[in-house]
>>> print(open('model19.cif').read())   # mmCIF, C-alpha atoms
data_my_file
#
loop_
_atom_site.label_atom_id
_atom_site.label_comp_id
_atom_site.auth_asym_id
_atom_site.auth_seq_id
_atom_site.Cartn_x
_atom_site.Cartn_y
_atom_site.Cartn_z
CA MET A 1 0.00 0.00 0.00
CA ALA A 2 1.12 3.52 -0.74
CA LYS A 3 2.70 5.50 2.05
CA LEU A 4 3.15 9.18 2.65
CA SER A 5 6.51 10.78 2.97
CA VAL A 6 6.26 13.53 5.57
CA ASP A 7 8.62 16.38 6.42
CA VAL A 8 7.93 18.86 9.18
CA ILE A 9 10.16 21.88 8.64
CA THR A 10 10.56 25.08 10.62
CA ALA A 11 12.63 28.08 9.66
CA GLU A 12 15.38 26.70 11.86
CA ARG A 13 15.54 23.00 11.13
CA VAL A 14 13.84 19.84 9.92
CA VAL A 15 11.89 18.69 12.96
CA PHE A 16 10.54 15.43 11.61
CA SER A 17 11.06 13.34 8.54
CA ASP A 18 9.66 9.91 7.70
CA THR A 19 8.72 8.21 4.44
CA GLU A 20 6.43 5.49 5.84
CA ILE A 21 3.49 7.46 7.22
CA ASP A 22 -0.09 6.29 6.73
CA ALA A 23 -2.07 9.34 7.72
CA VAL A 24 -1.52 12.95 8.73
CA VAL A 25 -4.07 14.82 10.82
CA ALA A 26 -3.45 18.56 10.79
CA PRO A 27 -5.16 21.70 12.13
CA GLY A 28 -6.07 23.38 8.83
CA ALA A 29 -7.32 26.94 8.60
CA ALA A 30 -10.71 25.64 7.47
CA GLY A 31 -10.89 22.88 10.11
CA GLU A 32 -9.02 19.74 11.04
CA LEU A 33 -8.09 17.66 8.04
CA THR A 34 -6.66 14.23 7.39
CA VAL A 35 -4.32 13.44 4.54
CA LEU A 36 -4.18 9.86 3.30
CA PRO A 37 -2.08 8.44 0.46
CA SER A 38 -3.19 9.41 -3.08
CA HIS A 39 -4.49 12.76 -1.86
CA ALA A 40 -4.91 15.43 -4.52
CA SER A 41 -2.29 18.20 -4.74
CA PHE A 42 -3.25 20.53 -1.99
CA ILE A 43 -1.99 23.54 -0.04
CA THR A 44 -3.55 24.96 3.11
CA SER A 45 -2.64 27.34 5.90
CA LEU A 46 -2.49 25.88 9.38
CA VAL A 47 -3.70 27.33 12.65
CA PRO A 48 -2.07 26.64 16.02
CA GLY A 49 -2.97 23.10 17.04
CA GLU A 50 -2.04 19.49 17.22
CA LEU A 51 -0.44 17.58 14.40
CA ARG A 52 -0.78 13.80 14.42
CA LEU A 53 1.23 11.41 12.30
CA GLN A 54 -0.01 7.85 12.13
CA LYS A 55 2.13 4.94 11.18
CA ALA A 56 1.15 1.27 11.10
CA GLY A 57 2.87 -0.76 13.78
CA ALA A 58 4.19 2.28 15.60
CA ASP A 59 2.92 4.78 18.10
CA GLU A 60 1.25 7.85 16.75
CA THR A 61 3.54 10.89 16.75
CA TYR A 62 2.09 14.03 18.28
CA MET A 63 3.40 17.47 17.61
CA MET A 64 2.30 20.94 18.37
CA VAL A 65 2.48 23.50 15.60
CA THR A 66 1.78 27.21 15.88
CA GLY A 67 0.52 27.96 12.44
CA GLY A 68 2.17 27.42 9.10
CA PHE A 69 1.42 25.72 5.81
CA LEU A 70 0.85 22.19 4.57
CA GLU A 71 1.49 21.02 1.06
CA VAL A 72 0.56 17.66 -0.43
CA ARG A 73 1.89 16.59 -3.76
CA ASP A 74 2.43 13.07 -5.12
CA ASP A 75 2.13 11.48 -1.67
CA LYS A 76 4.70 13.88 -0.33
CA VAL A 77 3.53 16.01 2.58
CA VAL A 78 5.55 19.05 3.55
CA ILE A 79 4.58 21.04 6.62
CA LEU A 80 6.17 24.45 6.92
CA ALA A 81 5.55 25.28 10.55
CA GLU A 82 6.04 28.60 12.21
CA SER A 83 7.24 26.55 15.12
CA ALA A 84 6.86 22.87 15.90
CA GLU A 85 7.57 20.83 18.97
CA ARG A 86 7.36 17.09 19.36
CA ALA A 87 5.39 15.88 22.34
CA GLU A 88 8.47 14.50 24.03
CA GLU A 89 10.30 17.81 23.67
CA ILE A 90 7.65 19.80 25.43
CA ASP A 91 8.64 20.95 28.86
CA ILE A 92 5.44 20.40 30.82
CA ALA A 93 6.47 22.45 33.80
CA ARG A 94 7.29 25.40 31.59
CA ALA A 95 4.07 25.09 29.62
CA GLN A 96 2.04 25.00 32.83
CA GLU A 97 3.85 28.02 34.12
CA ALA A 98 3.21 29.85 30.85
CA ARG A 99 -0.46 28.96 31.08
CA ALA A 100 -0.73 30.22 34.65
CA ARG A 101 1.05 33.39 33.67
CA ALA A 102 -1.25 34.00 30.71
CA GLU A 103 -4.35 33.36 32.82
CA ARG A 104 -3.13 35.70 35.52
CA ALA A 105 -2.42 38.36 32.95
CA LEU A 106 -5.89 37.89 31.45
CA ALA A 107 -7.51 38.20 34.88
CA GLY A 108 -5.51 41.30 35.75
CA ARG A 109 -5.66 42.81 32.29
CA GLU A 110 -3.60 45.86 33.11
CA ALA A 111 -2.68 46.58 29.53
CA ALA A 112 -5.52 45.98 27.12
CA VAL A 113 -3.14 46.44 24.21
CA ASP A 114 -1.54 43.11 24.95
CA LEU A 115 -4.78 41.21 25.09
CA THR A 116 -4.39 39.41 21.79
CA ARG A 117 -0.83 38.51 22.59
CA ILE A 118 -1.79 37.05 25.95
CA GLN A 119 -4.66 35.11 24.44
CA ALA A 120 -2.34 33.69 21.81
CA GLU A 121 0.12 32.78 24.54
CA LEU A 122 -2.61 31.02 26.50
CA ARG A 123 -3.79 29.13 23.44
CA ARG A 124 -0.25 28.01 22.68
CA SER A 125 0.40 26.74 26.18
CA LEU A 126 -2.91 24.89 26.23
CA ILE A 127 -2.10 23.10 22.98
CA ARG A 128 1.37 22.34 24.24
CA LEU A 129 -0.07 20.77 27.38
CA LYS A 130 -2.64 18.80 25.43
CA VAL A 131 -0.02 17.34 23.14
CA ALA A 132 2.32 16.54 26.01
CA GLU A 133 -0.53 14.98 28.00
CA ARG A 134 -1.32 12.54 25.20
CA LYS A 135 2.24 11.43 25.04
CA ARG A 136 2.32 10.84 28.77
CA ARG A 137 -0.88 8.90 28.88
CA ARG A 138 0.25 6.60 26.13
CA SER A 139 3.53 5.65 27.75
CA GLY A 140 1.47 5.81 30.99
CA PRO A 141 2.29 4.48 34.45
CA GLY A 142 3.14 0.80 34.72
CA ALA A 143 3.32 0.32 30.96
CA GLY A 144 6.98 -0.47 30.69
CA PRO A 145 9.81 2.01 31.02
CA ASP A 146 8.33 5.47 31.20
CA GLN A 147 10.45 7.69 29.02
CA SER A 148 8.59 10.91 29.44
CA SER A 149 9.23 11.18 33.17
CA ARG A 150 12.98 11.16 32.95
CA MET B 1 68.90 49.62 25.79
CA ALA B 2 66.16 47.90 27.71
CA THR B 3 67.13 46.19 30.89
CA ILE B 4 66.84 42.44 31.32
CA ARG B 5 63.99 42.81 33.73
CA GLU B 6 61.97 44.99 31.36
CA ILE B 7 62.41 42.54 28.52
CA ARG B 8 61.39 39.66 30.73
CA ARG B 9 58.24 41.51 31.70
CA ARG B 10 57.36 42.19 28.04
CA ILE B 11 57.84 38.54 27.16
CA ARG B 12 55.54 37.46 29.94
CA SER B 13 52.84 39.95 28.97
CA VAL B 14 52.94 39.11 25.26
CA THR B 15 52.80 35.40 26.07
CA ASN B 16 49.67 36.00 28.10
CA THR B 17 48.10 37.97 25.27
CA ALA B 18 48.83 35.12 22.90
CA LYS B 19 47.09 32.72 25.28
CA ILE B 20 43.99 34.90 25.30
CA THR B 21 43.81 35.39 21.54
CA ARG B 22 44.36 31.66 21.07
CA ALA B 23 41.43 30.91 23.38
CA MET B 24 39.26 33.42 21.53
CA GLU B 25 40.19 31.80 18.26
CA MET B 26 39.07 28.38 19.49
CA VAL B 27 35.79 29.75 20.84
CA ALA B 28 35.10 31.52 17.55
CA ALA B 29 35.94 28.37 15.60
CA SER B 30 33.39 26.30 17.48
CA LYS B 31 30.74 29.01 17.23
CA MET B 32 31.46 29.31 13.54
CA ARG B 33 30.81 25.63 12.99
CA ARG B 34 27.48 25.93 14.74
CA ALA B 35 26.55 29.05 12.81
CA GLN B 36 27.31 27.34 9.52
CA LEU B 37 25.27 24.30 10.53
CA SER B 38 22.24 26.38 11.40
CA ALA B 39 22.51 28.24 8.10
CA LEU B 40 22.48 24.86 6.40
CA ALA B 41 19.60 23.54 8.50
CA ALA B 42 17.50 26.55 7.56
CA ARG B 43 17.77 25.88 3.86
CA PRO B 44 14.95 23.35 3.23
CA TYR B 45 12.37 25.75 4.64
CA ALA B 46 13.56 28.55 2.39
CA GLU B 47 13.45 26.40 -0.70
CA LYS B 48 9.97 25.08 -0.06
CA MET B 49 8.66 28.53 0.72
CA ARG B 50 10.12 30.03 -2.42
CA GLN B 51 8.56 27.29 -4.50
CA MET B 52 5.14 27.72 -2.89
CA LEU B 53 5.26 31.46 -3.45
CA SER B 54 6.14 31.17 -7.11
CA ASP B 55 3.42 28.60 -7.67
CA LEU B 56 0.87 30.79 -5.97
CA GLN B 57 1.96 33.92 -7.76
CA GLU B 58 1.26 32.19 -11.01
CA SER B 59 -2.16 30.85 -10.14
CA ILE B 60 -3.23 34.14 -8.61
CA GLN B 61 -2.09 36.46 -11.35
CA SER B 62 -4.73 35.21 -13.70
CA GLN B 63 -7.72 35.52 -11.39
CA ARG B 64 -7.01 38.38 -8.99
CA GLN B 65 -8.24 41.78 -10.11
CA GLU B 66 -8.01 43.89 -6.96
CA ALA B 67 -4.85 45.65 -5.79
CA PRO B 68 -1.91 43.41 -4.89
CA HIS B 69 -0.97 42.71 -1.29
CA PRO B 70 0.48 45.83 0.39
CA LEU B 71 3.85 44.09 0.81
CA LEU B 72 4.11 43.81 -2.96
CA ALA B 73 3.08 47.39 -3.73
CA GLN B 74 5.63 49.06 -5.97
CA ARG B 75 6.15 52.75 -5.27
CA GLU B 76 8.54 55.33 -6.58
CA ALA B 77 11.60 55.16 -4.30
CA GLU B 78 11.83 58.42 -2.41
CA ARG B 79 12.25 57.30 1.16
CA VAL B 80 14.25 54.18 1.84
CA ALA B 81 15.09 52.26 4.97
CA ILE B 82 18.50 50.70 5.37
CA VAL B 83 18.81 47.90 7.88
CA LEU B 84 22.45 47.66 8.88
CA ILE B 85 23.15 44.23 10.31
CA SER B 86 26.43 44.22 12.20
CA THR B 87 27.94 42.46 15.18
CA ASP B 88 27.58 43.31 18.85
CA ARG B 89 31.22 42.76 19.69
CA GLY B 90 34.39 43.85 17.98
CA LEU B 91 37.67 42.01 17.44
CA CYS B 92 36.49 40.58 14.17
CA GLY B 93 38.86 42.19 11.72
CA GLY B 94 37.51 44.68 9.21
CA LEU B 95 34.03 43.19 9.12
CA ASN B 96 32.14 46.12 10.61
CA ALA B 97 34.40 48.76 9.12
CA ASN B 98 33.67 47.36 5.66
CA LEU B 99 29.93 47.34 6.33
CA ASN B 100 30.03 50.92 7.55
CA ARG B 101 32.00 52.09 4.55
CA PHE B 102 29.61 50.31 2.22
CA THR B 103 26.59 51.92 3.88
CA ALA B 104 28.18 55.35 3.91
CA SER B 105 29.01 55.22 0.22
CA PHE B 106 25.48 54.10 -0.63
CA VAL B 107 24.04 57.05 1.27
CA LEU B 108 26.47 59.48 -0.34
CA GLU B 109 25.70 58.19 -3.81
CA HIS B 110 21.96 58.57 -3.28
CA GLN B 111 21.72 62.07 -1.91
CA ASP B 112 18.29 62.47 -3.53
CA LEU B 113 16.82 59.76 -1.30
CA GLU B 114 15.57 60.28 2.20
CA VAL B 115 17.33 57.58 4.18
CA LYS B 116 16.13 56.10 7.45
CA THR B 117 18.01 53.36 9.21
CA VAL B 118 17.53 50.42 11.51
CA ALA B 119 20.49 49.26 13.58
CA VAL B 120 21.02 45.60 14.31
CA GLY B 121 24.00 45.00 16.56
CA ARG B 122 25.85 47.42 18.82
CA LYS B 123 28.43 48.28 16.19
CA ALA B 124 25.71 49.37 13.76
CA ARG B 125 24.06 51.45 16.47
CA ASP B 126 27.31 53.22 17.29
CA PHE B 127 28.09 53.90 13.65
CA LEU B 128 24.62 55.11 12.68
CA GLY B 129 24.56 57.31 15.77
CA ARG B 130 27.74 59.00 14.56
CA THR B 131 26.43 59.55 11.03
CA GLY B 132 23.40 61.44 12.31
CA LEU B 133 21.01 59.49 10.07
CA PRO B 134 17.61 58.93 11.63
CA VAL B 135 17.44 55.54 13.36
CA ILE B 136 13.92 54.11 13.54
CA ALA B 137 14.77 51.10 15.67
CA GLU B 138 17.73 49.29 17.12
CA PHE B 139 18.21 45.66 18.03
CA THR B 140 21.24 44.76 20.07
CA ASN B 141 22.47 41.78 22.05
CA LEU B 142 21.29 39.17 19.59
CA SER B 143 22.28 35.66 20.55
CA ASP B 144 25.32 34.07 18.93
CA TYR B 145 22.91 31.39 17.80
CA PRO B 146 20.03 33.46 16.44
CA SER B 147 16.59 31.89 16.21
CA ILE B 148 13.69 32.93 14.03
CA ASP B 149 12.23 34.58 17.12
CA ASP B 150 15.09 37.09 16.99
CA ALA B 151 14.14 37.97 13.42
CA ARG B 152 10.38 38.32 13.91
CA PRO B 153 10.18 41.64 15.76
CA LEU B 154 12.58 43.21 13.28
CA ALA B 155 10.62 41.90 10.30
CA ARG B 156 7.43 43.19 11.84
CA ILE B 157 8.70 46.72 12.35
CA LEU B 158 9.96 46.82 8.78
CA MET B 159 6.65 45.58 7.36
CA GLU B 160 4.69 48.10 9.40
CA GLU B 161 6.95 50.92 8.30
CA TYR B 162 6.55 49.85 4.70
CA ILE B 163 2.80 49.35 4.74
CA SER B 164 2.18 52.66 6.51
CA GLY B 165 4.07 54.36 3.69
CA GLY B 166 6.89 55.58 5.94
CA VAL B 167 9.37 54.15 3.45
CA ASP B 168 9.14 53.01 -0.17
CA ARG B 169 11.97 50.49 -0.11
CA VAL B 170 13.64 48.43 2.56
CA TYR B 171 17.18 47.21 2.05
CA LEU B 172 19.19 44.85 4.21
CA VAL B 173 22.94 45.45 4.46
CA PHE B 174 24.83 42.54 5.98
CA PRO B 175 28.16 40.70 5.70
CA LEU B 176 27.66 37.92 3.16
CA PHE B 177 29.48 34.75 4.12
CA ILE B 178 31.53 33.56 1.16
CA ASN B 179 33.91 31.27 2.99
CA THR B 180 35.89 31.24 6.21
CA MET B 181 38.47 33.65 4.81
CA ALA B 182 36.17 35.96 2.90
CA GLN B 183 33.06 37.95 3.73
CA ARG B 184 31.82 40.98 1.90
CA PRO B 185 29.13 43.59 2.48
CA GLU B 186 25.98 42.80 0.55
CA MET B 187 22.77 44.69 0.00
CA ARG B 188 19.43 43.00 -0.62
CA GLN B 189 16.00 44.43 -1.22
CA LEU B 190 13.54 43.17 1.38
CA LEU B 191 10.47 45.21 0.48
CA PRO B 192 8.57 45.35 -1.77
CA ILE B 193 8.83 41.58 -2.02
CA GLU B 194 10.25 40.36 -5.26
CA ILE B 195 8.88 36.92 -5.88
CA PRO B 196 11.47 34.62 -7.40
CA PRO B 197 10.50 33.18 -10.78
CA ARG B 198 9.47 29.56 -10.99
CA GLU B 199 12.28 27.11 -11.39
CA SER B 200 10.50 24.12 -12.87
CA THR B 201 8.29 24.49 -15.86
CA MET B 202 6.09 21.63 -14.79
CA SER B 203 2.91 23.10 -13.45
CA VAL B 204 0.89 21.31 -10.79
CA GLN B 205 -2.69 22.28 -10.12
CA TYR B 206 -3.09 22.64 -6.40
CA ILE B 207 -6.28 22.90 -4.42
CA TYR B 208 -5.89 25.83 -2.05
CA GLU B 209 -7.61 26.13 1.27
CA PRO B 210 -9.17 28.54 2.26
CA SER B 211 -8.32 30.17 -1.11
CA PRO B 212 -5.19 30.91 -3.14
CA ALA B 213 -5.34 34.59 -2.28
CA GLU B 214 -5.64 33.93 1.44
CA VAL B 215 -2.81 31.41 1.53
CA PHE B 216 -0.71 33.83 -0.47
CA ASP B 217 -1.41 36.70 1.93
CA ASP B 218 -0.50 34.44 4.86
CA LEU B 219 2.68 33.36 3.17
CA LEU B 220 4.09 36.80 2.38
CA PRO B 221 4.83 37.98 5.95
CA ARG B 222 6.39 34.59 6.72
CA TYR B 223 8.59 35.05 3.69
CA VAL B 224 9.79 38.44 4.91
CA GLU B 225 10.57 36.99 8.35
CA ARG B 226 12.50 34.22 6.72
CA GLN B 227 14.53 36.68 4.61
CA VAL B 228 15.46 38.67 7.69
CA TYR B 229 16.37 35.50 9.55
CA GLU B 230 18.59 34.41 6.69
CA THR B 231 20.63 37.62 6.76
CA ILE B 232 21.04 37.37 10.52
CA LEU B 233 22.35 33.84 10.09
CA GLU B 234 24.77 35.11 7.45
CA LYS B 235 25.94 37.75 9.86
CA SER B 236 26.59 35.17 12.57
CA ALA B 237 28.58 32.90 10.31
CA SER B 238 30.58 35.87 8.96
CA GLU B 239 31.21 37.30 12.40
CA GLN B 240 32.54 34.10 13.89
CA SER B 241 34.77 33.29 10.93
CA ALA B 242 36.13 36.84 10.76
CA ARG B 243 36.85 36.71 14.47
CA MET B 244 38.51 33.34 14.21
CA VAL B 245 40.78 34.49 11.39
CA SER B 246 41.74 37.76 13.03
CA MET B 247 42.41 36.06 16.37
CA ARG B 248 44.59 33.52 14.64
CA SER B 249 46.73 36.21 13.06
CA ALA B 250 46.89 38.00 16.40
CA THR B 251 48.18 34.82 18.03
CA GLU B 252 50.74 34.40 15.29
CA ALA B 253 51.90 37.99 15.62
CA ALA B 254 52.21 37.62 19.39
CA ASN B 255 54.25 34.44 19.09
CA GLU B 256 56.57 36.12 16.60
CA MET B 257 57.01 38.99 19.00
CA VAL B 258 57.90 36.57 21.80
CA ASP B 259 60.56 35.01 19.56
CA ASP B 260 62.06 38.41 18.79
CA LEU B 261 62.01 39.45 22.42
CA THR B 262 63.59 36.18 23.53
CA LEU B 263 66.43 36.75 21.07
CA THR B 264 67.01 40.27 22.40
CA TYR B 265 66.75 38.99 25.95
CA ASN B 266 69.47 36.39 25.39
CA LYS B 267 71.71 38.91 23.67
CA VAL B 268 71.37 41.42 26.48
CA ARG B 269 71.93 38.75 29.09
CA GLN B 270 75.09 37.55 27.37
CA GLU B 271 76.41 41.07 27.03
CA THR B 272 75.79 41.70 30.71
CA ILE B 273 77.67 38.57 31.70
CA THR B 274 80.58 39.44 29.44
CA LYS B 275 80.70 42.92 30.88
CA GLU B 276 80.67 41.57 34.43
CA LEU B 277 83.44 39.09 33.65
CA LEU B 278 85.54 41.87 32.17
CA ASP B 279 84.98 43.95 35.28
CA ILE B 280 86.03 41.11 37.58
CA ALA B 281 89.04 40.26 35.48
CA GLY B 282 90.02 43.94 35.25
CA GLY B 283 89.61 44.35 39.02
CA ALA B 284 91.72 41.29 39.79
CA GLU B 285 94.39 42.51 37.40
CA ALA B 286 94.44 45.91 39.05
CA LEU B 287 94.71 44.38 42.52
CA ARG B 288 97.64 42.16 41.50
CA SER B 289 99.60 44.98 39.88
CA ALA B 290 98.96 47.15 42.92
CA GLY B 291 100.04 44.43 45.36
#
>>> encode(input="model19.cif", output="C-alpha cells")
Amino acid sequence: MAKLSVDVITAERVVFSDTEIDAVVAPGAAGELTVLPSHASFITSLVPGELRLQKAGADETYMMVTGGFLEVRDDKVVILAESAERAEEIDIARAQEARARAERALAGREAAVDLTRIQAELRRSLIRLKVAERKRRRSGPGAGPDQSSR
Amino acid sequence: MATIREIRRRIRSVTNTAKITRAMEMVAASKMRRAQLSALAARPYAEKMRQMLSDLQESIQSQRQEAPHPLLAQREAERVAIVLISTDRGLCGGLNANLNRFTASFVLEHQDLEVKTVAVGRKARDFLGRTGLPVIAEFTNLSDYPSIDDARPLARILMEEYISGGVDRVYLVFPLFINTMAQRPEMRQLLPIEIPPRESTMSVQYIYEPSPAEVFDDLLPRYVERQVYETILEKSASEQSARMVSMRSATEAANEMVDDLTLTYNKVRQETITKELLDIAGGAEALRSAG
C-alpha cells in the first residue's frame, strides 16, 4: 500500500522526517483535516494546534504547531511550521507556568493592548499541554519504562 | 637599551596575550561551525517557501483583479530604509568597518533619497549614531545562535513601516558569508517583495484552502521573516569566521614577538655577563699589579 513521505520543517531545522506514514491529521485553517495516500495536490494554511502522524505498527507521533502551511503533492507532505515541537520535547512544567502566567495576565488585564498577545500565549500553552498529556498517557504508568518522566 | 627585567616583563605579557587570543580563536571556531550548521539547516524551509510562493503567484495572477498585497506594492523610491546588520562585539577584523564604509558610500551616492536606518547590533548602532542618520529602531544583544524569534520583531517593524508608507523600499545590508576567509558587504532588497520566478516548468494544479489569495497573503509575511532571519544567520557565520581568522593572526603575531624578544633577551643577558666578567678580570688585574 502507498505511504506518505512527511517532512515537518521550521525556519530553523527539519523537525521530523519519515517516508512510511499512513495518515496525517493537521489543524487546517478551514478545520481539522486528514491526509491519506493518493491525496490530490493541496496547499492549506495551518492554525495553532495538534499535528498527528499515524504509522502502522508504531505509536502515533504528536506534535504541536503554531501555524504554518501544509502542502501535499504526489504522496509527499511538507509542513512548513512557524514553530513545531514534538510531544516528548515539550517541557510540561514550563508550559504549565506559561499557562498560569497567561491566565493571571488575562484576569488582571492591566494593559488591554496586549490582550491578543496574551490570548495567543494562552492558546499556545494549552495546545502544548494537550499534546504533552497525550504522550504521557500513552507511555502511561506501569506500561513499561516510562520515558517521558525522565 | 632595555634592561633584562623589562624585557622579561614584556615577554611574559605578550605570552599572556597570545594565550587569550588563542582561546578566543578556538571559541570563535566552534561558534562558527554551529553558525554554519544552522545556516544549512534553515535551507529546506527557504526552498519550499520560495517554490510555494512562485506557484501561488502564477495561479493568482490570472484571477485576482483587486490591488496586490500591500507588501508587494511598488512605489517610486523616495524614502528608503536601510537595515544595517552588524555584530555586537568587535575584534572581528575589518568586518564592521567594511559594512560601515559600504553603507556610507550608498548614502552618499543617493543624496536624492531620504534615508532612514535600523540598527542591528551594537556596532551598527554606534556607527549610525555617529552619522546622524535617523534611526527608527535598534536591536542589540542578539544571541550568537540566532533563532527565528530574533528575526520576527525586526521583520514586523519593517513591514509596518513599509505598509504605513513611511518608506518606499527596505534594504538589508549585511556581511555575506563567502567562505571562512572571505566575507563581503551585501545589499538586498527586502520590500517590496520580489517573488522569485518559478524554477520548474512543470505546473501542478493545487487545491488551495481557504483560497489561493488567502494562503498567499499568509505566506508573504512569513517570507519576509524568513529573509530577515537568513541575513542574521549570514551575519553570525561571517562574524565568527572573521573573528577566528583575526584572532589567529593576532596569536601568530604575538608568538613572533615573543621570539624576537627572547632573542634580544638572550643577547642582552650575554652582554651583561661578558661585561661583568671583564669587570672582575680587570679588578683582579688591578689588585695584583697594585700588590
>>> interface_residues(input="model19.cif", of="chain B", to="chain A", cutoff="9 Å", atoms="all atoms listed in the file", output="PyMOL selection string")
chain B and resi 38-46+48-49+52+147-148+204-212+214-215+218-219+222+226+229
>>> resolve_selection(input="model19.cif", expression="the PyMOL selection byres ((chain B and resi 158) around 12)", output="PDB file with C-alpha atoms, in the coordinates of the input")
ATOM      1  CA  LEU B  71       3.850  44.090   0.810  1.00  0.00           C
ATOM      2  CA  VAL B  80      14.250  54.180   1.840  1.00  0.00           C
ATOM      3  CA  ALA B  81      15.090  52.260   4.970  1.00  0.00           C
ATOM      4  CA  ILE B  82      18.500  50.700   5.370  1.00  0.00           C
ATOM      5  CA  VAL B  83      18.810  47.900   7.880  1.00  0.00           C
ATOM      6  CA  LYS B 116      16.130  56.100   7.450  1.00  0.00           C
ATOM      7  CA  THR B 117      18.010  53.360   9.210  1.00  0.00           C
ATOM      8  CA  VAL B 118      17.530  50.420  11.510  1.00  0.00           C
ATOM      9  CA  ALA B 119      20.490  49.260  13.580  1.00  0.00           C
ATOM     10  CA  ILE B 136      13.920  54.110  13.540  1.00  0.00           C
ATOM     11  CA  ALA B 137      14.770  51.100  15.670  1.00  0.00           C
ATOM     12  CA  GLU B 138      17.730  49.290  17.120  1.00  0.00           C
ATOM     13  CA  ALA B 151      14.140  37.970  13.420  1.00  0.00           C
ATOM     14  CA  ARG B 152      10.380  38.320  13.910  1.00  0.00           C
ATOM     15  CA  PRO B 153      10.180  41.640  15.760  1.00  0.00           C
ATOM     16  CA  LEU B 154      12.580  43.210  13.280  1.00  0.00           C
ATOM     17  CA  ALA B 155      10.620  41.900  10.300  1.00  0.00           C
ATOM     18  CA  ARG B 156       7.430  43.190  11.840  1.00  0.00           C
ATOM     19  CA  ILE B 157       8.700  46.720  12.350  1.00  0.00           C
ATOM     20  CA  MET B 159       6.650  45.580   7.360  1.00  0.00           C
ATOM     21  CA  GLU B 160       4.690  48.100   9.400  1.00  0.00           C
ATOM     22  CA  GLU B 161       6.950  50.920   8.300  1.00  0.00           C
ATOM     23  CA  TYR B 162       6.550  49.850   4.700  1.00  0.00           C
ATOM     24  CA  ILE B 163       2.800  49.350   4.740  1.00  0.00           C
ATOM     25  CA  SER B 164       2.180  52.660   6.510  1.00  0.00           C
ATOM     26  CA  GLY B 165       4.070  54.360   3.690  1.00  0.00           C
ATOM     27  CA  GLY B 166       6.890  55.580   5.940  1.00  0.00           C
ATOM     28  CA  VAL B 167       9.370  54.150   3.450  1.00  0.00           C
ATOM     29  CA  ASP B 168       9.140  53.010  -0.170  1.00  0.00           C
ATOM     30  CA  ARG B 169      11.970  50.490  -0.110  1.00  0.00           C
ATOM     31  CA  VAL B 170      13.640  48.430   2.560  1.00  0.00           C
ATOM     32  CA  TYR B 171      17.180  47.210   2.050  1.00  0.00           C
ATOM     33  CA  LEU B 172      19.190  44.850   4.210  1.00  0.00           C
ATOM     34  CA  GLN B 189      16.000  44.430  -1.220  1.00  0.00           C
ATOM     35  CA  LEU B 190      13.540  43.170   1.380  1.00  0.00           C
ATOM     36  CA  LEU B 191      10.470  45.210   0.480  1.00  0.00           C
ATOM     37  CA  PRO B 192       8.570  45.350  -1.770  1.00  0.00           C
ATOM     38  CA  PRO B 221       4.830  37.980   5.950  1.00  0.00           C
ATOM     39  CA  VAL B 224       9.790  38.440   4.910  1.00  0.00           C
ATOM     40  CA  GLU B 225      10.570  36.990   8.350  1.00  0.00           C
ATOM     41  CA  GLN B 227      14.530  36.680   4.610  1.00  0.00           C
ATOM     42  CA  VAL B 228      15.460  38.670   7.690  1.00  0.00           C
TER      43      VAL B 228
END
>>> atom_distance(input="model19.cif", atom1="atom CA of Val15 of chain A", atom2="atom CA of Gln96 of chain A")
23.1 Å
>>> closest_residue(input="model19.cif", among="A:Ala2, A:Ala120, A:Val24, A:Leu115", to="Pro37 of chain A", atoms="only C-alpha atoms")
A:Ala2
>>> atom_distance(input="model19.cif", atom1="atom CA of Thr19 of chain A", atom2="atom CA of Thr61 of chain A")
13.6 Å
>>> atom_distance(input="model19.cif", atom1="atom CA of Glu114 of chain B", atom2="atom CA of Asn98 of chain B")
22.5 Å
>>> resolve_selection(input="model19.cif", expression="the PyMOL selection byres ((chain A and resi 87) around 6)", output="list of chain:residue names")
A:Tyr62, A:Met63, A:Arg86, A:Glu88, A:Glu89, A:Ile90, A:Val131, A:Ala132
>>> residues_near_point(input="model19.cif", point="(3.9, 31.5, 30.6)", cutoff="12 Å", atoms="all atoms listed in the file", output="CSV table (one decimal) with C-alpha atoms, in the frame of the given file")
chain,number,residue,atom,x,y,z
A,91,ASP,CA,8.6,21.0,28.9
A,92,ILE,CA,5.4,20.4,30.8
A,93,ALA,CA,6.5,22.4,33.8
A,94,ARG,CA,7.3,25.4,31.6
A,95,ALA,CA,4.1,25.1,29.6
A,96,GLN,CA,2.0,25.0,32.8
A,97,GLU,CA,3.8,28.0,34.1
A,98,ALA,CA,3.2,29.8,30.8
A,99,ARG,CA,-0.5,29.0,31.1
A,100,ALA,CA,-0.7,30.2,34.6
A,101,ARG,CA,1.0,33.4,33.7
A,102,ALA,CA,-1.2,34.0,30.7
A,103,GLU,CA,-4.4,33.4,32.8
A,104,ARG,CA,-3.1,35.7,35.5
A,105,ALA,CA,-2.4,38.4,33.0
A,106,LEU,CA,-5.9,37.9,31.4
A,117,ARG,CA,-0.8,38.5,22.6
A,118,ILE,CA,-1.8,37.0,26.0
A,119,GLN,CA,-4.7,35.1,24.4
A,120,ALA,CA,-2.3,33.7,21.8
A,121,GLU,CA,0.1,32.8,24.5
A,122,LEU,CA,-2.6,31.0,26.5
A,123,ARG,CA,-3.8,29.1,23.4
A,124,ARG,CA,-0.2,28.0,22.7
A,125,SER,CA,0.4,26.7,26.2
A,126,LEU,CA,-2.9,24.9,26.2
A,128,ARG,CA,1.4,22.3,24.2
A,129,LEU,CA,-0.1,20.8,27.4
